[in-house]
Amino acid sequence: MNQADTEIITSLLEDEGYVMTESDDSADLVILNTCAVRENAVEKIMNMLDNLRGKRRLRPDMLIGVIGCVPQYYREKMFSMTDGIDFLAGPDTYRQLPLLIENAEQGIRGANLAFSPEETYDGIEPARTGSISAFVPVMRGCNNRCAFCVVPFTRGKERSRPMKSVIDEVEQLAAKGYREITLLGQNVNSYFDHGAGCGFAELLERAARAARDVRIRFTTSHPKDISETLARAIAAHANICNTVHLPVQSGSTRMLKLMNRGHSREEYLEKIAMIRRSVPGVTISTDLIAGFCGETEEDHQDTLSLMEEVRFDFSYMFYYSVRPGTYAAKNLPDDVPEEVKKRRLEEIIALQNRISGERHAAEIGNLLEVLAESESKRSREMLMGRTCTNRVVVFDRDGNEPGGLVAVRITSSTSATLIGRPE
Ligand code: SF4
């Protein structure tokens with residue numbers, strides 16, 4: 001979402017005459033677009049600011065802004081940093097950036113961290129950096145209140161872009177030759193255009209029809225909201241990618257309740273079964289947190305057994321750390337010792353690596369359609385791309401170029417990558 005926001009901000013500033021530089025060494029204006037989800041977000045920004053302050057000694061006119069979720073969430077801390085920051089803006093106030101920058105040029109330090117219940121940045125054509133894959137935000141914010149999560153505090157309430165404007169953008173991207181579009185939202189299942197009476201499943205189908213030669217992806221879904229209608233929509237269109245990211249966080253119903261996730265282990269498993277029934281060959285990924293407040297060894301074992309049962313293709317895995325201001329920070333003691341959290345996380349990672357490795361090994365010998373995204377980091381003679389099931393494939397270049405769809409025979413695999421050659 002931050003990457004998509006950066007494209008919106010770049011577009012806003014290009015309209016004001018700014019031009020993107022290759023590096024901050026030659027920039028008159030440096031904007032740090034920040035994420036507050038991970039631990040030590042403020043410390044990371046401080047380190048970057050230290051580095052930029054050094055550069056400003058050589059270029060005294062350089063302006064520095066910090067925007068996004070960190071100033072929105074840690075506003076007092078950020079306000080108190082008088083040295084080095086010229087302006088602050090939150091996720092809903094990017095349209096005010098030209099004014100904040102103009103004031104900063106006159107030496108007036110400013111901040112705009114207001115929430116806007118309507119702001120979706122509709123009508124701004126993002127300045128996209130790539131030419132193969134594009135993000136299209138369809139909704140912003142989240143009305144859920146997961147006990148550990150800062151998103152409702154940083155990005156505010158849910159709001160959706162008009163369906164027509166999303167579809168117009170999808171059509172334009174297809175006409176420009178983009179090969180893959182990801183519809184983005186904190187909780188895409190909550191998308192709803194009240195004027196058009198259009199929910200997310202319909203939006204997804206319309207996007208698929210508007211760009212038949214383009215792969216359509218979406219993220220992120222919430223287990224309690226994902227519906228059979230959506231799963232059927234995925235199955236009904238060849239160009240909607242057969243992959244669902246469905247964060248579960250824990251395999252223990254007791255922990256899910258403490259996390260305020262709104263579903264049980266059994267309900268999650270029912271959703272997985274429904275998705276697999278509806279979408280043959282679908283891959284499923286998830287998010288997992290080790291060591292949330294009050295997690296016992298039994299709860300942890302429930303997470304491991306859920307992983308064994310679902311056999312996720314991929315997981316984002318973390319151990320829990322407190323985010324100030326959240327329900328968990330205020331009401332639930334962070335009582336799992338750090339070494340226990342780390343050990344549980346290691347067990348989760350080891351299990352996921354084994355399962356991913358097995359699932360990848362099962363693809364050896366298969367002929368898969370791969371959208372080539374870029375040269376491989378290791379060699380110009382190899383390309384890297386993804387299958388529509390979101391598996392990463394590295395393959396011999398054989399005259400192919402990024403942007404092309406390539407039939408690749410899988411010859412070997414690791415837990416992270418499939419390796420093959422074009423046929
Ligand atoms: S649904 Fe996702 S974004 Fe919303 S509060 Fe829960 S974890 Fe955060």
# chains A, B, ... in the order shown; residues from 1 in each chain; ligands from 1

$ closest_atom_pairs --of "chain A" --to "ligand 1" --cutoff "7 Å" --atoms "only C-alpha atoms and all ligand atoms" --output "CSV"
residue,atom,partner,partner_atom_place_in_ligand_line,distance
A:Cys142,CA,ligand 1,4 (Fe),4.7
A:Asn143,CA,ligand 1,4 (Fe),6.4
A:Asn144,CA,ligand 1,5 (S),4.6
A:Arg145,CA,ligand 1,5 (S),4.5
A:Cys146,CA,ligand 1,6 (Fe),4.2
A:Cys149,CA,ligand 1,8 (Fe),4.6
A:Val150,CA,ligand 1,8 (Fe),6.4
A:Val151,CA,ligand 1,8 (Fe),5.0
A:Pro152,CA,ligand 1,5 (S),5.8
A:Gln186,CA,ligand 1,3 (S),5.3
A:Asn187,CA,ligand 1,1 (S),6.1
A:His222,CA,ligand 1,1 (S),6.1
A:Arg261,CA,ligand 1,6 (Fe),6.8

$ residues_around --residues "A:Ile419" --least-positions-apart "5" --cutoff "9 Å" --atoms "only C-alpha atoms" --output "MDAnalysis selection string"
chainID A and resid 364 392:396 408:414

$ write_last_selection --atoms "all heavy atoms" --output "CSV table (one decimal), in the first residue's frame"
chain,number,residue,atom,x,y,z
A,364,ILE,N,8.0,-30.2,-9.7
A,364,ILE,CA,9.1,-30.6,-10.6
A,364,ILE,C,8.5,-31.4,-11.7
A,364,ILE,O,7.7,-32.4,-11.5
A,364,ILE,CB,10.2,-31.3,-9.8
A,364,ILE,CG1,10.9,-30.3,-8.9
A,364,ILE,CG2,11.2,-31.9,-10.8
A,364,ILE,CD1,11.9,-30.9,-7.9
A,392,VAL,N,7.4,-18.2,-7.2
A,392,VAL,CA,8.5,-17.5,-7.9
A,392,VAL,C,9.3,-18.5,-8.7
A,392,VAL,O,9.6,-19.6,-8.2
A,392,VAL,CB,9.4,-16.9,-6.8
A,392,VAL,CG1,10.7,-16.3,-7.5
A,392,VAL,CG2,8.7,-15.8,-6.0
A,393,VAL,N,9.6,-18.2,-10.0
A,393,VAL,CA,10.3,-19.1,-10.9
A,393,VAL,C,11.5,-18.4,-11.4
A,393,VAL,O,11.4,-17.3,-11.9
A,393,VAL,CB,9.4,-19.6,-12.0
A,393,VAL,CG1,10.1,-20.6,-12.9
A,393,VAL,CG2,8.1,-20.2,-11.5
A,394,VAL,N,12.7,-19.0,-11.4
A,394,VAL,CA,13.9,-18.5,-12.0
A,394,VAL,C,14.2,-19.5,-13.2
A,394,VAL,O,14.2,-20.7,-13.0
A,394,VAL,CB,15.0,-18.5,-11.0
A,394,VAL,CG1,16.3,-18.0,-11.7
A,394,VAL,CG2,14.7,-17.5,-9.9
A,395,PHE,N,14.4,-18.9,-14.4
A,395,PHE,CA,14.6,-19.8,-15.5
A,395,PHE,C,15.6,-19.2,-16.5
A,395,PHE,O,15.8,-18.0,-16.5
A,395,PHE,CB,13.2,-20.1,-16.2
A,395,PHE,CG,12.5,-18.8,-16.6
A,395,PHE,CD1,12.5,-18.4,-17.9
A,395,PHE,CD2,11.7,-18.1,-15.7
A,395,PHE,CE1,11.8,-17.2,-18.3
A,395,PHE,CE2,11.0,-17.0,-16.1
A,395,PHE,CZ,11.1,-16.5,-17.4
A,396,ASP,N,16.1,-20.1,-17.4
A,396,ASP,CA,17.0,-19.7,-18.4
A,396,ASP,C,16.4,-18.7,-19.3
A,396,ASP,O,15.2,-18.9,-19.7
A,396,ASP,CB,17.4,-20.9,-19.3
A,396,ASP,CG,18.1,-22.0,-18.4
A,396,ASP,OD1,18.6,-21.6,-17.3
A,396,ASP,OD2,18.2,-23.1,-18.8
A,408,VAL,N,7.4,-22.6,-18.8
A,408,VAL,CA,8.7,-23.0,-18.2
A,408,VAL,C,8.5,-24.4,-17.6
A,408,VAL,O,7.5,-24.7,-16.9
A,408,VAL,CB,9.1,-22.1,-17.1
A,408,VAL,CG1,10.3,-22.6,-16.4
A,408,VAL,CG2,9.3,-20.7,-17.6
A,409,ARG,N,9.4,-25.3,-18.0
A,409,ARG,CA,9.4,-26.7,-17.5
A,409,ARG,C,10.2,-26.7,-16.2
A,409,ARG,O,11.4,-26.2,-16.2
A,409,ARG,CB,10.0,-27.7,-18.4
A,409,ARG,CG,10.1,-29.1,-18.0
A,409,ARG,CD,8.7,-29.8,-18.0
A,409,ARG,NE,8.2,-30.0,-19.3
A,409,ARG,CZ,7.0,-30.4,-19.6
A,409,ARG,NH1,6.2,-30.8,-18.6
A,409,ARG,NH2,6.5,-30.5,-20.9
A,410,ILE,N,9.6,-27.1,-15.1
A,410,ILE,CA,10.3,-27.0,-13.8
A,410,ILE,C,11.2,-28.2,-13.6
A,410,ILE,O,10.8,-29.3,-13.8
A,410,ILE,CB,9.3,-27.0,-12.6
A,410,ILE,CG1,8.3,-25.8,-12.8
A,410,ILE,CG2,10.0,-26.8,-11.2
A,410,ILE,CD1,8.9,-24.4,-12.9
A,411,THR,N,12.5,-27.8,-13.3
A,411,THR,CA,13.5,-28.9,-13.3
A,411,THR,C,14.0,-29.2,-11.8
A,411,THR,O,14.5,-30.2,-11.5
A,411,THR,CB,14.7,-28.5,-14.1
A,411,THR,OG1,15.1,-27.2,-13.8
A,411,THR,CG2,14.3,-28.6,-15.6
A,412,SER,N,13.9,-28.1,-11.0
A,412,SER,CA,14.4,-28.3,-9.6
A,412,SER,C,13.7,-27.2,-8.7
A,412,SER,O,13.0,-26.3,-9.3
A,412,SER,CB,15.9,-28.3,-9.4
A,412,SER,OG,16.3,-27.0,-9.9
A,413,SER,N,13.9,-27.3,-7.4
A,413,SER,CA,13.2,-26.3,-6.6
A,413,SER,C,13.9,-26.2,-5.2
A,413,SER,O,14.7,-27.1,-4.8
A,413,SER,CB,11.8,-26.8,-6.3
A,413,SER,OG,11.8,-28.0,-5.5
A,414,THR,N,13.7,-25.1,-4.6
A,414,THR,CA,14.1,-24.9,-3.2
A,414,THR,C,12.8,-24.5,-2.4
A,414,THR,O,11.7,-24.5,-3.0
A,414,THR,CB,15.1,-23.7,-3.0
A,414,THR,OG1,14.3,-22.5,-3.3
A,414,THR,CG2,16.2,-23.8,-4.0

$ closest_residue --among "A:Arg140, A:Asp25, A:Phe314, A:Met382" --to "A:Arg53" --atoms "only C-alpha atoms"
A:Asp25

$ closest_residue --among "A:Ser374, A:Thr154, A:Ser80, A:Asn390" --to "A:Ser131" --atoms "only C-alpha atoms"
A:Ser374

$ closest_residue --among "A:Gly54, A:Pro117, A:Pro126, A:Gly177" --to "A:Thr6" --atoms "only C-alpha atoms"
A:Pro126

$ select_by_dssp --residues "stretch 101-205 of chain A" --states "helix (DSSP H, G or I)" --output "PyMOL selection string"
chain A and resi 101-105+151-155+163-175+188-190+200-205

$ closest_residue --among "A:Gly325, A:Asn33, A:Asp287, A:Met307" --to "A:Ala350" --atoms "only C-alpha atoms"
A:Met307

$ residues_around --residues "A:Met163" --least-positions-apart "5" --cutoff "12 Å" --atoms "only C-alpha atoms" --output "VMD selection string"
chain A and resid 122 136 to 139 168 to 170 183 191 to 207

$ residues_around --residues "A:Gly399" --least-positions-apart "2" --cutoff "12 Å" --atoms "only C-alpha atoms" --output "MDAnalysis selection string"
chainID A and resid 372 375 380:383 395:397 401:402 404 406 421:423

$ write_last_selection --atoms "all heavy atoms" --output "compact mmCIF listing (two decimals), in the first residue's frame"
# COMPACT_ATOMS: atom_id res chain seq x y z
N ALA A 372 7.32 -13.22 -16.88
CA ALA A 372 8.70 -12.79 -16.59
C ALA A 372 8.67 -11.36 -16.07
O ALA A 372 8.11 -10.47 -16.71
CB ALA A 372 9.55 -12.89 -17.84
N GLU A 375 15.26 -9.48 -14.79
CA GLU A 375 16.42 -10.36 -14.82
C GLU A 375 16.62 -10.93 -13.42
O GLU A 375 16.33 -10.26 -12.43
CB GLU A 375 17.67 -9.57 -15.23
CG GLU A 375 17.68 -9.28 -16.72
CD GLU A 375 18.84 -8.38 -17.11
OE1 GLU A 375 19.61 -7.96 -16.23
OE2 GLU A 375 18.95 -8.09 -18.31
N ARG A 380 22.34 -12.34 -15.71
CA ARG A 380 21.55 -11.73 -16.78
C ARG A 380 21.01 -12.79 -17.74
O ARG A 380 20.14 -12.54 -18.55
CB ARG A 380 22.41 -10.74 -17.56
CG ARG A 380 22.89 -9.57 -16.73
CD ARG A 380 23.28 -8.40 -17.60
NE ARG A 380 22.16 -7.94 -18.40
CZ ARG A 380 22.28 -7.32 -19.57
NH1 ARG A 380 23.47 -7.10 -20.07
NH2 ARG A 380 21.23 -6.92 -20.23
N GLU A 381 21.59 -13.96 -17.64
CA GLU A 381 21.15 -15.06 -18.51
C GLU A 381 19.93 -15.80 -17.95
O GLU A 381 19.46 -16.77 -18.54
CB GLU A 381 22.30 -16.06 -18.72
CG GLU A 381 23.50 -15.48 -19.46
CD GLU A 381 23.06 -14.73 -20.73
OE1 GLU A 381 22.34 -15.34 -21.54
OE2 GLU A 381 23.41 -13.54 -20.87
N MET A 382 19.47 -15.34 -16.78
CA MET A 382 18.28 -15.96 -16.17
C MET A 382 17.22 -14.87 -15.95
O MET A 382 17.56 -13.71 -15.70
CB MET A 382 18.62 -16.55 -14.79
CG MET A 382 19.80 -17.48 -14.72
SD MET A 382 19.38 -19.15 -15.19
CE MET A 382 18.57 -19.76 -13.73
N LEU A 383 15.96 -15.25 -16.02
CA LEU A 383 14.87 -14.33 -15.70
C LEU A 383 14.15 -14.82 -14.46
O LEU A 383 14.17 -16.02 -14.14
CB LEU A 383 13.87 -14.24 -16.85
CG LEU A 383 14.36 -13.59 -18.15
CD1 LEU A 383 13.22 -13.58 -19.18
CD2 LEU A 383 14.85 -12.16 -17.93
N PHE A 395 14.39 -18.92 -14.35
CA PHE A 395 14.56 -19.81 -15.51
C PHE A 395 15.55 -19.24 -16.52
O PHE A 395 15.83 -18.03 -16.52
CB PHE A 395 13.20 -20.08 -16.17
CG PHE A 395 12.47 -18.83 -16.60
CD1 PHE A 395 12.52 -18.39 -17.92
CD2 PHE A 395 11.72 -18.10 -15.69
CE1 PHE A 395 11.84 -17.25 -18.32
CE2 PHE A 395 11.04 -16.95 -16.09
CZ PHE A 395 11.09 -16.53 -17.40
N ASP A 396 16.08 -20.14 -17.36
CA ASP A 396 17.03 -19.71 -18.40
C ASP A 396 16.35 -18.68 -19.30
O ASP A 396 15.21 -18.86 -19.71
CB ASP A 396 17.45 -20.92 -19.25
CG ASP A 396 18.15 -21.97 -18.41
OD1 ASP A 396 18.64 -21.61 -17.32
OD2 ASP A 396 18.17 -23.13 -18.83
N ARG A 397 17.11 -17.66 -19.65
CA ARG A 397 16.52 -16.56 -20.40
C ARG A 397 16.07 -16.99 -21.80
O ARG A 397 14.97 -16.66 -22.23
CB ARG A 397 17.55 -15.42 -20.51
CG ARG A 397 16.97 -14.18 -21.13
CD ARG A 397 17.86 -12.99 -20.89
NE ARG A 397 17.13 -11.78 -21.17
CZ ARG A 397 17.35 -10.63 -20.58
NH1 ARG A 397 18.29 -10.54 -19.68
NH2 ARG A 397 16.64 -9.58 -20.89
N GLU A 401 12.16 -11.87 -22.74
CA GLU A 401 12.34 -10.56 -22.12
C GLU A 401 11.33 -10.40 -20.98
O GLU A 401 10.24 -10.98 -21.03
CB GLU A 401 12.09 -9.45 -23.14
CG GLU A 401 13.14 -9.35 -24.25
CD GLU A 401 14.53 -9.00 -23.71
OE1 GLU A 401 14.62 -8.28 -22.69
OE2 GLU A 401 15.51 -9.45 -24.32
N PRO A 402 11.65 -9.56 -19.96
CA PRO A 402 10.66 -9.26 -18.92
C PRO A 402 9.38 -8.71 -19.56
O PRO A 402 9.43 -7.95 -20.52
CB PRO A 402 11.36 -8.18 -18.09
CG PRO A 402 12.82 -8.46 -18.26
CD PRO A 402 12.96 -8.94 -19.68
N GLY A 404 7.08 -10.82 -20.80
CA GLY A 404 6.52 -11.90 -21.61
C GLY A 404 5.96 -13.03 -20.76
O GLY A 404 6.40 -13.24 -19.63
N VAL A 406 5.90 -16.93 -20.41
CA VAL A 406 6.82 -17.98 -20.87
C VAL A 406 6.38 -19.32 -20.28
O VAL A 406 6.08 -19.40 -19.08
CB VAL A 406 8.27 -17.67 -20.41
CG1 VAL A 406 9.25 -18.67 -21.00
CG2 VAL A 406 8.67 -16.24 -20.77
N ARG A 421 13.39 -24.34 -17.22
CA ARG A 421 13.86 -23.85 -18.51
C ARG A 421 12.64 -23.72 -19.44
O ARG A 421 11.70 -24.53 -19.36
CB ARG A 421 14.92 -24.75 -19.10
CG ARG A 421 14.52 -26.17 -19.23
CD ARG A 421 15.48 -27.00 -20.05
NE ARG A 421 14.89 -28.30 -20.23
CZ ARG A 421 15.00 -29.33 -19.38
NH1 ARG A 421 15.74 -29.20 -18.31
NH2 ARG A 421 14.38 -30.46 -19.59
N PRO A 422 12.69 -22.71 -20.32
CA PRO A 422 11.55 -22.50 -21.22
C PRO A 422 11.39 -23.65 -22.20
O PRO A 422 12.37 -24.30 -22.56
CB PRO A 422 11.96 -21.22 -21.98
CG PRO A 422 13.04 -20.60 -21.21
CD PRO A 422 13.75 -21.69 -20.49
N GLU A 423 10.15 -23.90 -22.62
CA GLU A 423 9.91 -24.94 -23.63
C GLU A 423 9.17 -24.35 -24.82
O GLU A 423 8.36 -23.45 -24.65
CB GLU A 423 9.08 -26.07 -23.01
CG GLU A 423 9.95 -27.22 -22.66
CD GLU A 423 9.18 -28.47 -22.23
OE1 GLU A 423 8.04 -28.68 -22.66
OE2 GLU A 423 9.75 -29.19 -21.40

$ residues_around --residues "A:Leu332" --least-positions-apart "6" --cutoff "12 Å" --atoms "only C-alpha atoms" --output "compact mmCIF listing (two decimals) with N, CA and C atoms, in the first residue's frame"
# COMPACT_ATOMS: atom_id res chain seq x y z
N ALA A 147 -6.55 -6.90 18.02
CA ALA A 147 -5.98 -6.36 19.26
C ALA A 147 -4.54 -5.88 19.11
N PHE A 148 -3.79 -6.44 18.14
CA PHE A 148 -2.36 -6.14 18.01
C PHE A 148 -2.06 -5.07 16.96
N MET A 255 -6.54 -17.96 21.18
CA MET A 255 -5.72 -16.80 20.81
C MET A 255 -6.47 -15.90 19.81
N LEU A 258 -8.64 -13.72 21.74
CA LEU A 258 -7.88 -12.65 22.39
C LEU A 258 -7.42 -11.60 21.37
N MET A 259 -7.11 -12.07 20.17
CA MET A 259 -6.67 -11.14 19.11
C MET A 259 -7.85 -10.37 18.50
N ASN A 260 -9.07 -10.76 18.86
CA ASN A 260 -10.28 -10.14 18.32
C ASN A 260 -10.36 -10.28 16.80
N PHE A 292 1.89 -14.25 20.93
CA PHE A 292 0.97 -13.18 21.32
C PHE A 292 0.62 -13.35 22.81
N CYS A 293 0.10 -12.27 23.39
CA CYS A 293 -0.18 -12.22 24.83
C CYS A 293 -0.91 -13.47 25.33
N GLY A 294 -0.35 -14.11 26.32
CA GLY A 294 -1.01 -15.26 26.95
C GLY A 294 -0.87 -16.56 26.18
N GLU A 295 -0.09 -16.57 25.10
CA GLU A 295 0.01 -17.80 24.29
C GLU A 295 0.73 -18.90 25.08
N SER A 321 5.29 -8.21 19.07
CA SER A 321 5.83 -7.13 19.89
C SER A 321 4.75 -6.06 20.01
N VAL A 322 4.74 -5.41 21.16
CA VAL A 322 3.65 -4.50 21.52
C VAL A 322 3.67 -3.25 20.65
N ARG A 323 2.48 -2.83 20.20
CA ARG A 323 2.34 -1.54 19.53
C ARG A 323 1.55 -0.62 20.46
N PRO A 324 2.18 0.48 20.90
CA PRO A 324 1.50 1.35 21.87
C PRO A 324 0.13 1.79 21.35
N GLY A 325 -0.82 1.87 22.26
CA GLY A 325 -2.13 2.39 21.90
C GLY A 325 -3.13 1.34 21.46
N THR A 326 -2.63 0.16 21.06
CA THR A 326 -3.56 -0.88 20.60
C THR A 326 -4.29 -1.50 21.79

$ residues_around --residues "A:Glu16" --least-positions-apart "5" --cutoff "12 Å" --atoms "only C-alpha atoms" --output "PyMOL selection string"
chain A and resi 9-11+95-99+101-102

$ write_last_selection --atoms "all heavy atoms" --output "mmCIF file, in the first residue's frame"
data_model
loop_
_atom_site.group_PDB
_atom_site.id
_atom_site.type_symbol
_atom_site.label_atom_id
_atom_site.label_comp_id
_atom_site.auth_asym_id
_atom_site.auth_seq_id
_atom_site.Cartn_x
_atom_site.Cartn_y
_atom_site.Cartn_z
ATOM 1 N N ILE A 9 1.846 10.081 -4.495
ATOM 2 C CA ILE A 9 2.567 11.282 -4.038
ATOM 3 C C ILE A 9 3.474 11.806 -5.161
ATOM 4 O O ILE A 9 3.545 13.009 -5.408
ATOM 5 C CB ILE A 9 3.413 10.936 -2.784
ATOM 6 C CG1 ILE A 9 2.495 10.590 -1.625
ATOM 7 C CG2 ILE A 9 4.345 12.081 -2.407
ATOM 8 C CD1 ILE A 9 3.155 9.695 -0.589
ATOM 9 N N THR A 10 4.162 10.893 -5.829
ATOM 10 C CA THR A 10 5.046 11.305 -6.931
ATOM 11 C C THR A 10 4.240 12.047 -7.984
ATOM 12 O O THR A 10 4.659 13.094 -8.495
ATOM 13 C CB THR A 10 5.723 10.055 -7.561
ATOM 14 O OG1 THR A 10 6.349 9.319 -6.516
ATOM 15 C CG2 THR A 10 6.752 10.440 -8.596
ATOM 16 N N SER A 11 3.060 11.521 -8.297
ATOM 17 C CA SER A 11 2.216 12.167 -9.301
ATOM 18 C C SER A 11 1.818 13.575 -8.843
ATOM 19 O O SER A 11 1.897 14.544 -9.606
ATOM 20 C CB SER A 11 0.981 11.298 -9.525
ATOM 21 O OG SER A 11 0.019 11.977 -10.245
ATOM 22 N N ARG A 95 -2.601 15.249 -0.331
ATOM 23 C CA ARG A 95 -2.945 16.371 -1.231
ATOM 24 C C ARG A 95 -2.434 17.701 -0.674
ATOM 25 O O ARG A 95 -2.337 18.677 -1.401
ATOM 26 C CB ARG A 95 -4.462 16.444 -1.436
ATOM 27 C CG ARG A 95 -5.009 15.317 -2.311
ATOM 28 C CD ARG A 95 -6.499 15.536 -2.519
ATOM 29 N NE ARG A 95 -7.183 14.308 -2.869
ATOM 30 C CZ ARG A 95 -7.484 13.921 -4.114
ATOM 31 N NH1 ARG A 95 -7.166 14.692 -5.126
ATOM 32 N NH2 ARG A 95 -8.112 12.790 -4.340
ATOM 33 N N GLN A 96 -2.153 17.722 0.648
ATOM 34 C CA GLN A 96 -1.656 18.969 1.270
ATOM 35 C C GLN A 96 -0.132 19.111 1.159
ATOM 36 O O GLN A 96 0.429 20.110 1.608
ATOM 37 C CB GLN A 96 -2.030 19.013 2.760
ATOM 38 C CG GLN A 96 -3.507 18.883 3.049
ATOM 39 C CD GLN A 96 -4.302 19.944 2.316
ATOM 40 O OE1 GLN A 96 -3.904 21.104 2.301
ATOM 41 N NE2 GLN A 96 -5.395 19.533 1.684
ATOM 42 N N LEU A 97 0.529 18.105 0.578
ATOM 43 C CA LEU A 97 1.996 18.151 0.543
ATOM 44 C C LEU A 97 2.548 19.404 -0.150
ATOM 45 O O LEU A 97 3.490 20.021 0.371
ATOM 46 C CB LEU A 97 2.552 16.889 -0.130
ATOM 47 C CG LEU A 97 2.612 15.657 0.782
ATOM 48 C CD1 LEU A 97 2.985 14.412 -0.018
ATOM 49 C CD2 LEU A 97 3.609 15.860 1.910
ATOM 50 N N PRO A 98 1.988 19.818 -1.313
ATOM 51 C CA PRO A 98 2.554 21.022 -1.942
ATOM 52 C C PRO A 98 2.548 22.225 -1.000
ATOM 53 O O PRO A 98 3.516 22.985 -0.939
ATOM 54 C CB PRO A 98 1.642 21.238 -3.160
ATOM 55 C CG PRO A 98 1.159 19.856 -3.500
ATOM 56 C CD PRO A 98 0.974 19.172 -2.178
ATOM 57 N N LEU A 99 1.475 22.375 -0.215
ATOM 58 C CA LEU A 99 1.384 23.499 0.726
ATOM 59 C C LEU A 99 2.405 23.348 1.849
ATOM 60 O O LEU A 99 3.094 24.318 2.218
ATOM 61 C CB LEU A 99 -0.035 23.560 1.300
ATOM 62 C CG LEU A 99 -0.323 24.734 2.228
ATOM 63 C CD1 LEU A 99 -0.197 26.050 1.477
ATOM 64 C CD2 LEU A 99 -1.721 24.593 2.831
ATOM 65 N N ILE A 101 5.185 21.778 1.725
ATOM 66 C CA ILE A 101 6.538 21.988 1.181
ATOM 67 C C ILE A 101 6.783 23.483 0.955
ATOM 68 O O ILE A 101 7.849 24.005 1.270
ATOM 69 C CB ILE A 101 6.705 21.188 -0.141
ATOM 70 C CG1 ILE A 101 6.628 19.681 0.150
ATOM 71 C CG2 ILE A 101 8.025 21.532 -0.820
ATOM 72 C CD1 ILE A 101 6.435 18.819 -1.091
ATOM 73 N N GLU A 102 5.756 24.164 0.425
ATOM 74 C CA GLU A 102 5.889 25.612 0.184
ATOM 75 C C GLU A 102 6.194 26.336 1.495
ATOM 76 O O GLU A 102 7.092 27.173 1.563
ATOM 77 C CB GLU A 102 4.576 26.125 -0.409
ATOM 78 C CG GLU A 102 4.701 27.452 -1.130
ATOM 79 C CD GLU A 102 3.333 27.872 -1.640
ATOM 80 O OE1 GLU A 102 2.693 27.072 -2.350
ATOM 81 O OE2 GLU A 102 2.912 28.999 -1.289
#

$ residues_around --residues "A:Met274" --least-positions-apart "4" --cutoff "7 Å" --atoms "only C-alpha atoms" --output "list in words"
Glu228, Glu270 and Ser278 of chain A

$ atom_distance --atom1 "atom CA of A:Met1" --atom2 "atom CA of A:Phe135"
8.3 Å
